[in-house]
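Student: Following this message is one structure expressed as C-alpha cells.
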Amino acid sequence: MRIPMIAGNWKMNLTIGAGLELVKSIHYSHRHPGEVDVVVAPPFTAIHSIAEAVKDSYISVAAQNIHWETSGAFTGEISPVFAKDAGAEYVIIGHSERRQYFAETNETVNKKTKAAFAHGLTPIVCVGETLAEREAGRVEEVINTQVTQGLTGLSATNFEKLIIAYEPVWAIGTGKTATGQQAEDVHTFIRELLVKLAGPEIAQKIRILYGGSVNAKNAKELLSFPNIDGALVGGASLKAPDFVEIIKGATA
Ligand code: 13P
C-alpha cells in the first residue's frame, strides 16, 4: 500500500512572506490530511522560514535542486547538507526545466540522487519525454534511458525510499494534461523498469507521481489510477484553495 503524495513545486515564485501566507492557508483550510504526504518546494531562500513555519503541521519541505558535492569552490551552488540544514526533507532532482535550461543530464541526476540519499534527503527524481519524442514514438526509449541512467548504482535501501515523478514536458505549464490512461501507461512502464532495477518487492513500494498541468479539476481522476501515486503540482500549488482541493482528491 503506497501512501499518496501531493507535492507543490513553487519553481521561481513567492517571496518568504508570500510563501508563509500560502502554507498558513493550506494548513488552516485542510487540518485532517488523512493518509497523504503533503510537500511544498519553495525557492532555496525561503526553505528555512517555511520549514520552521510548518514544523508542527503535516506539511514537509523539499528543495528544488542540489549540487552533488558537500562543500567547496562551487559558487552559487547549494549542497545537500545546506538544504537539509535549512529544513528540507525532500529534494526535486532532474526537473525538465533544469534539464532544458541548466544542462542537467542523466549523469548529474544520478550524482545528485546519490548525494541526496547520502545526506538524508529523499529525492523526487523527475523524468519525462518532450512532444517531439512522443510524436516520434520514443516515449519508452526516453523514459528507459532516464530511469536506468538516473538511478544506476542505488542500493536497495535507497530504492525503498525513492520517489519518481513522471512529468511529460509537453504537459508542463501548458494546460495540456496527459489523460489518466496515458499517464498510467507510462507509470506502469516505469514500475516494470523498477522491477528490473530493484526487484519486484521494492518496486511496489516506490511512489510514482504524475506532474503536468495537474489542477483542482483533473487531480481526482488522475489519482484514481492504480500506478499514479500522487502529483507534482506547479502552477496550481501556488493557490491555496486549488492545492487543498488536489490534496482532498488524494485522500478521497
Ligand atoms: P504545472 O503544474 O504548472 O504544469 O507544472 C508541473 C511541474 O513542472 C511540477 O514540477
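Labels for the C-alpha cells follow display order: chains A, B, ..., residues from 1 in each chain, ligands from 1.
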Please return as a PDB file with N, CA and C atoms, in the first residue's frame the residues found within 7 Å of ligand 1, counting only C-alpha atoms and all ligand atoms.
Tutor:
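Written out: result.pdb:
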```pdb
ATOM      1  N   ASN A   9       5.526  22.217  -6.415  1.00  0.00           N
ATOM      2  CA  ASN A   9       6.795  22.788  -6.862  1.00  0.00           C
ATOM      3  C   ASN A   9       6.552  24.271  -7.157  1.00  0.00           C
ATOM      4  N   HIS A  95      14.396  17.978 -12.714  1.00  0.00           N
ATOM      5  CA  HIS A  95      13.188  18.546 -13.317  1.00  0.00           C
ATOM      6  C   HIS A  95      13.490  18.927 -14.770  1.00  0.00           C
ATOM      7  N   GLU A 167       6.824  13.505 -15.544  1.00  0.00           N
ATOM      8  CA  GLU A 167       6.319  14.802 -15.990  1.00  0.00           C
ATOM      9  C   GLU A 167       6.570  14.951 -17.491  1.00  0.00           C
ATOM     10  N   ALA A 171       3.282  18.653 -21.171  1.00  0.00           N
ATOM     11  CA  ALA A 171       2.136  18.901 -20.290  1.00  0.00           C
ATOM     12  C   ALA A 171       2.461  19.914 -19.195  1.00  0.00           C
ATOM     13  N   ILE A 172       3.721  20.361 -19.135  1.00  0.00           N
ATOM     14  CA  ILE A 172       4.133  21.257 -18.040  1.00  0.00           C
ATOM     15  C   ILE A 172       3.821  22.702 -18.385  1.00  0.00           C
ATOM     16  N   GLY A 173       2.964  23.302 -17.571  1.00  0.00           N
ATOM     17  CA  GLY A 173       2.650  24.719 -17.739  1.00  0.00           C
ATOM     18  C   GLY A 173       1.875  25.042 -19.000  1.00  0.00           C
ATOM     19  N   THR A 174       1.355  24.011 -19.654  1.00  0.00           N
ATOM     20  CA  THR A 174       0.683  24.228 -20.940  1.00  0.00           C
ATOM     21  C   THR A 174      -0.833  24.126 -20.827  1.00  0.00           C
ATOM     22  N   GLY A 175      -1.318  23.640 -19.695  1.00  0.00           N
ATOM     23  CA  GLY A 175      -2.754  23.406 -19.551  1.00  0.00           C
ATOM     24  C   GLY A 175      -3.170  22.124 -20.269  1.00  0.00           C
ATOM     25  N   GLY A 211       3.117  14.653 -12.956  1.00  0.00           N
ATOM     26  CA  GLY A 211       3.162  16.114 -12.985  1.00  0.00           C
ATOM     27  C   GLY A 211       2.952  16.635 -14.387  1.00  0.00           C
ATOM     28  N   GLY A 212       2.264  17.751 -14.496  1.00  0.00           N
ATOM     29  CA  GLY A 212       2.000  18.373 -15.794  1.00  0.00           C
ATOM     30  C   GLY A 212       0.572  18.864 -15.852  1.00  0.00           C
ATOM     31  N   SER A 213       0.387  20.159 -15.528  1.00  0.00           N
ATOM     32  CA  SER A 213      -0.945  20.778 -15.561  1.00  0.00           C
ATOM     33  C   SER A 213      -1.976  20.070 -14.675  1.00  0.00           C
ATOM     34  N   VAL A 214      -1.521  19.544 -13.552  1.00  0.00           N
ATOM     35  CA  VAL A 214      -2.481  18.986 -12.583  1.00  0.00           C
ATOM     36  C   VAL A 214      -3.194  20.166 -11.923  1.00  0.00           C
ATOM     37  N   LEU A 232       2.903  15.940  -8.684  1.00  0.00           N
ATOM     38  CA  LEU A 232       3.864  17.033  -8.521  1.00  0.00           C
ATOM     39  C   LEU A 232       3.236  18.217  -9.254  1.00  0.00           C
ATOM     40  N   VAL A 233       2.841  19.199  -8.476  1.00  0.00           N
ATOM     41  CA  VAL A 233       1.987  20.269  -8.990  1.00  0.00           C
ATOM     42  C   VAL A 233       2.768  21.563  -9.108  1.00  0.00           C
ATOM     43  N   GLY A 234       2.695  22.231 -10.245  1.00  0.00           N
ATOM     44  CA  GLY A 234       3.366  23.519 -10.408  1.00  0.00           C
ATOM     45  C   GLY A 234       2.394  24.659 -10.134  1.00  0.00           C
ATOM     46  N   GLY A 235       1.855  25.234 -11.185  1.00  0.00           N
ATOM     47  CA  GLY A 235       1.004  26.425 -11.094  1.00  0.00           C
ATOM     48  C   GLY A 235      -0.087  26.345 -10.035  1.00  0.00           C
ATOM     49  N   ALA A 236      -0.800  25.232  -9.989  1.00  0.00           N
ATOM     50  CA  ALA A 236      -1.936  25.117  -9.060  1.00  0.00           C
ATOM     51  C   ALA A 236      -1.487  25.001  -7.601  1.00  0.00           C
TER      52      ALA A 236
END
```
Student: Can you tell me which residues surround Lys217 (chain A) at a distance of at most 12 Å, considering only C-alpha atoms, apart from same-chain residues fewer than 2 positions away, and format the answer as a list in words?
Tutor: Gly175, Thr177, Ser213, Val214, Asn215, Ala219, Lys220, Glu221, Leu222, Leu223, Ala236, Pro241, Asp242, Phe243, Val244, Glu245, Ile246, Ile247, Lys248 and Gly249 of chain A
Student: For N, CA and C atoms, I'd like the residues from the last selection saved as a JSON list (two decimals), in the first residue's frame.
Tutor:
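So again37.json came out as:
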```json
[["chain", "number", "residue", "atom", "x", "y", "z"],
["A", 175, "GLY", "N", -1.32, 23.64, -19.69],
["A", 175, "GLY", "CA", -2.75, 23.41, -19.55],
["A", 175, "GLY", "C", -3.17, 22.12, -20.27],
["A", 177, "THR", "N", -3.01, 18.40, -20.08],
["A", 177, "THR", "CA", -2.67, 17.30, -19.19],
["A", 177, "THR", "C", -2.64, 15.99, -19.97],
["A", 213, "SER", "N", 0.39, 20.16, -15.53],
["A", 213, "SER", "CA", -0.94, 20.78, -15.56],
["A", 213, "SER", "C", -1.98, 20.07, -14.67],
["A", 214, "VAL", "N", -1.52, 19.54, -13.55],
["A", 214, "VAL", "CA", -2.48, 18.99, -12.58],
["A", 214, "VAL", "C", -3.19, 20.17, -11.92],
["A", 215, "ASN", "N", -4.53, 20.06, -11.82],
["A", 215, "ASN", "CA", -5.28, 21.13, -11.18],
["A", 215, "ASN", "C", -6.42, 20.55, -10.34],
["A", 219, "ALA", "N", -7.29, 16.41, -10.87],
["A", 219, "ALA", "CA", -6.43, 15.61, -9.97],
["A", 219, "ALA", "C", -7.09, 14.30, -9.57],
["A", 220, "LYS", "N", -8.35, 14.36, -9.19],
["A", 220, "LYS", "CA", -9.01, 13.17, -8.65],
["A", 220, "LYS", "C", -9.03, 12.02, -9.66],
["A", 221, "GLU", "N", -9.32, 12.36, -10.91],
["A", 221, "GLU", "CA", -9.38, 11.31, -11.94],
["A", 221, "GLU", "C", -7.98, 10.70, -12.15],
["A", 222, "LEU", "N", -6.97, 11.59, -12.24],
["A", 222, "LEU", "CA", -5.60, 11.09, -12.43],
["A", 222, "LEU", "C", -5.19, 10.17, -11.28],
["A", 223, "LEU", "N", -5.54, 10.60, -10.06],
["A", 223, "LEU", "CA", -5.12, 9.85, -8.88],
["A", 223, "LEU", "C", -5.89, 8.55, -8.68],
["A", 236, "ALA", "N", -0.80, 25.23, -9.99],
["A", 236, "ALA", "CA", -1.94, 25.12, -9.06],
["A", 236, "ALA", "C", -1.49, 25.00, -7.60],
["A", 241, "PRO", "N", -6.51, 27.35, -2.28],
["A", 241, "PRO", "CA", -7.75, 26.57, -2.48],
["A", 241, "PRO", "C", -7.56, 25.44, -3.49],
["A", 242, "ASP", "N", -6.82, 25.71, -4.55],
["A", 242, "ASP", "CA", -6.60, 24.68, -5.58],
["A", 242, "ASP", "C", -5.73, 23.54, -5.03],
["A", 243, "PHE", "N", -4.67, 23.91, -4.31],
["A", 243, "PHE", "CA", -3.76, 22.89, -3.78],
["A", 243, "PHE", "C", -4.50, 22.02, -2.76],
["A", 244, "VAL", "N", -5.31, 22.66, -1.94],
["A", 244, "VAL", "CA", -6.09, 21.92, -0.93],
["A", 244, "VAL", "C", -7.07, 20.96, -1.62],
["A", 245, "GLU", "N", -7.67, 21.40, -2.69],
["A", 245, "GLU", "CA", -8.61, 20.56, -3.43],
["A", 245, "GLU", "C", -7.88, 19.33, -3.99],
["A", 246, "ILE", "N", -6.65, 19.54, -4.46],
["A", 246, "ILE", "CA", -5.86, 18.42, -5.00],
["A", 246, "ILE", "C", -5.51, 17.44, -3.86],
["A", 247, "ILE", "N", -5.17, 17.98, -2.68],
["A", 247, "ILE", "CA", -4.88, 17.11, -1.53],
["A", 247, "ILE", "C", -6.12, 16.28, -1.19],
["A", 248, "LYS", "N", -7.27, 16.95, -1.22],
["A", 248, "LYS", "CA", -8.51, 16.23, -0.89],
["A", 248, "LYS", "C", -8.78, 15.12, -1.92],
["A", 249, "GLY", "N", -8.43, 15.39, -3.17],
["A", 249, "GLY", "CA", -8.61, 14.38, -4.23],
["A", 249, "GLY", "C", -7.78, 13.13, -3.94]]
```
Student: From a DSSP calculation on the backbone, collect every residue of region 6-249 of chain A in strand (DSSP E) and output the set as an MDAnalysis selection string.
Tutor: chainID A and resid 6:9 37:41 59:63 90:93 122:127 163:166 207:211 230:233
Student: CA of Ile93 (chain A) and CA of Thr108 (chain A), how far apart in Å?
Tutor: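 Between these atoms lies a distance of 9.2 Å.
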Student: Can you tell me, as a list in words, what residues are no more than 12 Å from Ser155 (chain A) when counting only C-alpha atoms, ignoring any on the same chain fewer than 4 positions away?
Tutor: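 Once the nearby chain positions are removed, what remains is Thr113, Lys114, Phe117, Ala118, Leu151, Phe159, Glu160, Lys161, Leu162, Leu197, Ala198, Gly199 and Ile202 of chain A.
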Student: Those same residues, written as a PDB file, in the first residue's frame with N, CA and C atoms?
Tutor:
```
ATOM      1  N   THR A 113      21.138  12.358  -7.045  1.00  0.00           N
ATOM      2  CA  THR A 113      20.270  11.404  -6.346  1.00  0.00           C
ATOM      3  C   THR A 113      21.061  10.684  -5.259  1.00  0.00           C
ATOM      4  N   LYS A 114      22.267  10.259  -5.616  1.00  0.00           N
ATOM      5  CA  LYS A 114      23.115   9.580  -4.622  1.00  0.00           C
ATOM      6  C   LYS A 114      23.499  10.529  -3.495  1.00  0.00           C
ATOM      7  N   PHE A 117      20.569  10.965  -1.015  1.00  0.00           N
ATOM      8  CA  PHE A 117      20.463   9.832  -0.079  1.00  0.00           C
ATOM      9  C   PHE A 117      21.594   9.863   0.956  1.00  0.00           C
ATOM     10  N   ALA A 118      22.783  10.204   0.496  1.00  0.00           N
ATOM     11  CA  ALA A 118      23.935  10.206   1.399  1.00  0.00           C
ATOM     12  C   ALA A 118      23.777  11.214   2.535  1.00  0.00           C
ATOM     13  N   LEU A 151      19.215   6.304 -12.196  1.00  0.00           N
ATOM     14  CA  LEU A 151      19.110   5.556 -10.940  1.00  0.00           C
ATOM     15  C   LEU A 151      20.173   4.465 -10.800  1.00  0.00           C
ATOM     16  N   PHE A 159      16.376   2.606  -2.950  1.00  0.00           N
ATOM     17  CA  PHE A 159      15.205   2.370  -3.804  1.00  0.00           C
ATOM     18  C   PHE A 159      13.912   2.360  -2.990  1.00  0.00           C
ATOM     19  N   GLU A 160      13.966   1.831  -1.799  1.00  0.00           N
ATOM     20  CA  GLU A 160      12.753   1.751  -0.963  1.00  0.00           C
ATOM     21  C   GLU A 160      12.169   3.126  -0.683  1.00  0.00           C
ATOM     22  N   LYS A 161      13.062   4.128  -0.565  1.00  0.00           N
ATOM     23  CA  LYS A 161      12.599   5.477  -0.201  1.00  0.00           C
ATOM     24  C   LYS A 161      12.356   6.370  -1.422  1.00  0.00           C
ATOM     25  N   LEU A 162      12.914   5.953  -2.544  1.00  0.00           N
ATOM     26  CA  LEU A 162      12.890   6.789  -3.747  1.00  0.00           C
ATOM     27  C   LEU A 162      11.472   7.202  -4.169  1.00  0.00           C
ATOM     28  N   LEU A 197      15.366  -3.093 -11.894  1.00  0.00           N
ATOM     29  CA  LEU A 197      16.461  -2.437 -11.171  1.00  0.00           C
ATOM     30  C   LEU A 197      16.512  -2.792  -9.693  1.00  0.00           C
ATOM     31  N   ALA A 198      15.312  -2.970  -9.088  1.00  0.00           N
ATOM     32  CA  ALA A 198      15.269  -3.089  -7.622  1.00  0.00           C
ATOM     33  C   ALA A 198      14.565  -4.351  -7.133  1.00  0.00           C
ATOM     34  N   GLY A 199      14.028  -5.122  -8.059  1.00  0.00           N
ATOM     35  CA  GLY A 199      13.292  -6.332  -7.668  1.00  0.00           C
ATOM     36  C   GLY A 199      11.821  -6.022  -7.456  1.00  0.00           C
ATOM     37  N   ILE A 202      10.476  -4.332  -3.847  1.00  0.00           N
ATOM     38  CA  ILE A 202      10.812  -2.916  -3.636  1.00  0.00           C
ATOM     39  C   ILE A 202      10.111  -2.042  -4.674  1.00  0.00           C
TER      40      ILE A 202
END
```
Student: Using only C-alpha atoms, can you tell me which of A:Ala116, A:Val36, A:Val109, A:Ala178 comes closest to Arg134 (chain A)?
Tutor: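 Result for the nearest residue to Arg134 (chain A): A:Ala178.
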Student: What's the 9 Å shell around Leu20 (chain A), counting only C-alpha atoms, without same-chain residues fewer than 5 positions away, as a ChimeraX atom specification?
Tutor: /A:15,25,46,49-50,53
Student: Which is closer to Glu52 (chain A) than all the others in A:Lys239, A:Lys24, A:Lys111, A:Lys205, using only C-alpha atoms?
Tutor: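 Once distances to Glu52 (chain A) are computed over only C-alpha atoms, the minimum belongs to A:Lys24.
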Student: Per residue of region 112-209 of chain A within 12 Å of region 37-42 of chain A, which atom pair is closest and at what distance in Å (one decimal), using only C-alpha atoms, listed by chain and increasing number, as CSV?
Tutor:
```
residue,atom,partner,partner_atom,distance
A:Thr122,CA,A:Val39,CA,11.5
A:Ile124,CA,A:Val39,CA,10.9
A:Ile163,CA,A:Asp37,CA,12.0
A:Arg207,CA,A:Asp37,CA,11.1
A:Leu209,CA,A:Asp37,CA,11.8
```
Student: What is the CA of Pro80 (chain A) to CA of Gly120 (chain A) distance in Å?
Tutor: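 A separation of 8.5 Å between them.
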Student: Please identify which residues in region 24-181 of chain A DSSP calls alpha helix (DSSP H) from the backbone, and express them as an NGL selection string.
Tutor: :A and (24-29 or 44-53 or 80-86 or 96-101 or 106-118 or 131-135 or 139-150 or 156-161 or 180-181)
Student: For region 187-194 of chain A, work out the shell of residues within 8 Å, counting only C-alpha atoms and skipping chain neighbours fewer than 5 positions away, then give it as a list in words.
Tutor: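 After dropping sequence-adjacent residues, the list is Glu140, Ile143, Asn144, Val147, Thr148, Tyr166, Gly199, Pro200, Ala203, Gln204, Ile208, Asn227 and Ile228 of chain A.
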Student: Quick one: write out the picked residues with all heavy atoms as a CSV table (one decimal), in the first residue's frame?
Tutor:
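Saved file out_34.csv follows:
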```csv
chain,number,residue,atom,x,y,z
A,140,GLU,N,9.0,5.2,-24.6
A,140,GLU,CA,9.6,4.2,-23.7
A,140,GLU,C,11.1,4.2,-23.8
A,140,GLU,O,11.8,4.0,-22.7
A,140,GLU,CB,9.0,2.8,-24.1
A,140,GLU,CG,7.5,2.7,-23.8
A,140,GLU,CD,7.0,1.3,-23.8
A,140,GLU,OE1,7.7,0.4,-24.2
A,140,GLU,OE2,5.8,1.1,-23.3
A,143,ILE,N,12.2,7.3,-21.6
A,143,ILE,CA,12.0,7.0,-20.1
A,143,ILE,C,13.0,5.9,-19.6
A,143,ILE,O,13.5,6.0,-18.5
A,143,ILE,CB,10.5,6.6,-19.9
A,143,ILE,CG1,9.5,7.7,-20.3
A,143,ILE,CG2,10.3,6.2,-18.4
A,143,ILE,CD1,9.6,8.9,-19.5
A,144,ASN,N,13.1,4.9,-20.5
A,144,ASN,CA,14.1,3.8,-20.1
A,144,ASN,C,15.5,4.4,-19.8
A,144,ASN,O,16.1,4.1,-18.8
A,144,ASN,CB,14.1,2.8,-21.2
A,144,ASN,CG,15.0,1.6,-20.9
A,144,ASN,OD1,15.4,1.5,-19.8
A,144,ASN,ND2,15.3,0.8,-21.9
A,147,VAL,N,15.5,6.7,-16.6
A,147,VAL,CA,15.3,5.9,-15.4
A,147,VAL,C,16.6,5.1,-15.1
A,147,VAL,O,17.2,5.1,-14.0
A,147,VAL,CB,14.1,5.0,-15.4
A,147,VAL,CG1,14.0,4.0,-14.3
A,147,VAL,CG2,12.8,5.9,-15.4
A,148,THR,N,17.0,4.4,-16.1
A,148,THR,CA,18.1,3.5,-15.9
A,148,THR,C,19.4,4.2,-15.6
A,148,THR,O,20.1,3.9,-14.6
A,148,THR,CB,18.3,2.6,-17.2
A,148,THR,OG1,17.1,2.1,-17.6
A,148,THR,CG2,19.3,1.4,-16.9
A,166,TYR,N,6.8,11.4,-13.0
A,166,TYR,CA,6.7,11.4,-14.4
A,166,TYR,C,6.0,12.7,-14.9
A,166,TYR,O,4.9,13.0,-14.5
A,166,TYR,CB,5.9,10.2,-14.9
A,166,TYR,CG,5.5,10.3,-16.4
A,166,TYR,CD1,6.5,10.4,-17.4
A,166,TYR,CD2,4.2,10.3,-16.8
A,166,TYR,CE1,6.2,10.6,-18.7
A,166,TYR,CE2,3.8,10.5,-18.2
A,166,TYR,CZ,4.8,10.6,-19.1
A,166,TYR,OH,4.5,10.8,-20.4
A,199,GLY,N,14.0,-5.1,-8.1
A,199,GLY,CA,13.3,-6.3,-7.7
A,199,GLY,C,11.8,-6.0,-7.5
A,199,GLY,O,11.5,-4.9,-7.2
A,200,PRO,N,11.0,-7.1,-7.6
A,200,PRO,CA,9.5,-6.8,-7.6
A,200,PRO,C,9.0,-6.3,-6.3
A,200,PRO,O,8.1,-5.5,-6.3
A,200,PRO,CB,8.9,-8.2,-7.8
A,200,PRO,CG,10.1,-9.2,-7.6
A,200,PRO,CD,11.3,-8.4,-7.8
A,203,ALA,N,10.0,-2.5,-5.9
A,203,ALA,CA,9.4,-1.8,-7.0
A,203,ALA,C,7.9,-1.4,-6.6
A,203,ALA,O,7.5,-0.3,-7.0
A,203,ALA,CB,9.4,-2.5,-8.3
A,204,GLN,N,7.3,-2.3,-5.8
A,204,GLN,CA,5.9,-2.0,-5.4
A,204,GLN,C,5.8,-0.9,-4.4
A,204,GLN,O,4.7,-0.3,-4.2
A,204,GLN,CB,5.3,-3.3,-4.9
A,204,GLN,CG,4.9,-4.3,-5.9
A,204,GLN,CD,4.0,-3.7,-7.1
A,204,GLN,OE1,3.1,-2.9,-6.8
A,204,GLN,NE2,4.3,-4.1,-8.3
A,208,ILE,N,5.3,6.7,-7.6
A,208,ILE,CA,5.4,7.4,-8.9
A,208,ILE,C,4.4,8.5,-9.0
A,208,ILE,O,3.2,8.2,-9.1
A,208,ILE,CB,5.4,6.4,-10.1
A,208,ILE,CG1,6.3,5.2,-9.9
A,208,ILE,CG2,5.7,7.1,-11.4
A,208,ILE,CD1,6.2,4.1,-10.9
A,227,ASN,N,-1.4,3.0,-10.6
A,227,ASN,CA,0.0,3.3,-10.5
A,227,ASN,C,0.4,4.8,-10.4
A,227,ASN,O,1.5,5.2,-10.5
A,227,ASN,CB,0.8,2.7,-11.7
A,227,ASN,CG,1.0,1.2,-11.5
A,227,ASN,OD1,1.7,0.8,-10.6
A,227,ASN,ND2,0.2,0.4,-12.2
A,228,ILE,N,-0.7,5.6,-10.3
A,228,ILE,CA,-0.4,7.1,-10.1
A,228,ILE,C,-0.6,7.4,-8.6
A,228,ILE,O,-1.7,7.4,-8.1
A,228,ILE,CB,-1.4,7.9,-11.0
A,228,ILE,CG1,-1.3,7.6,-12.5
A,228,ILE,CG2,-1.2,9.4,-10.7
A,228,ILE,CD1,-2.1,8.3,-13.4
```
Student: Pick the closest to Gly17 (chain A) from A:Lys196, A:Thr45, A:Ser237, A:Thr75: which is it, counting only C-alpha atoms?
Tutor: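 Looking at the shortest contact to Gly17 (chain A), the residue is A:Thr45.
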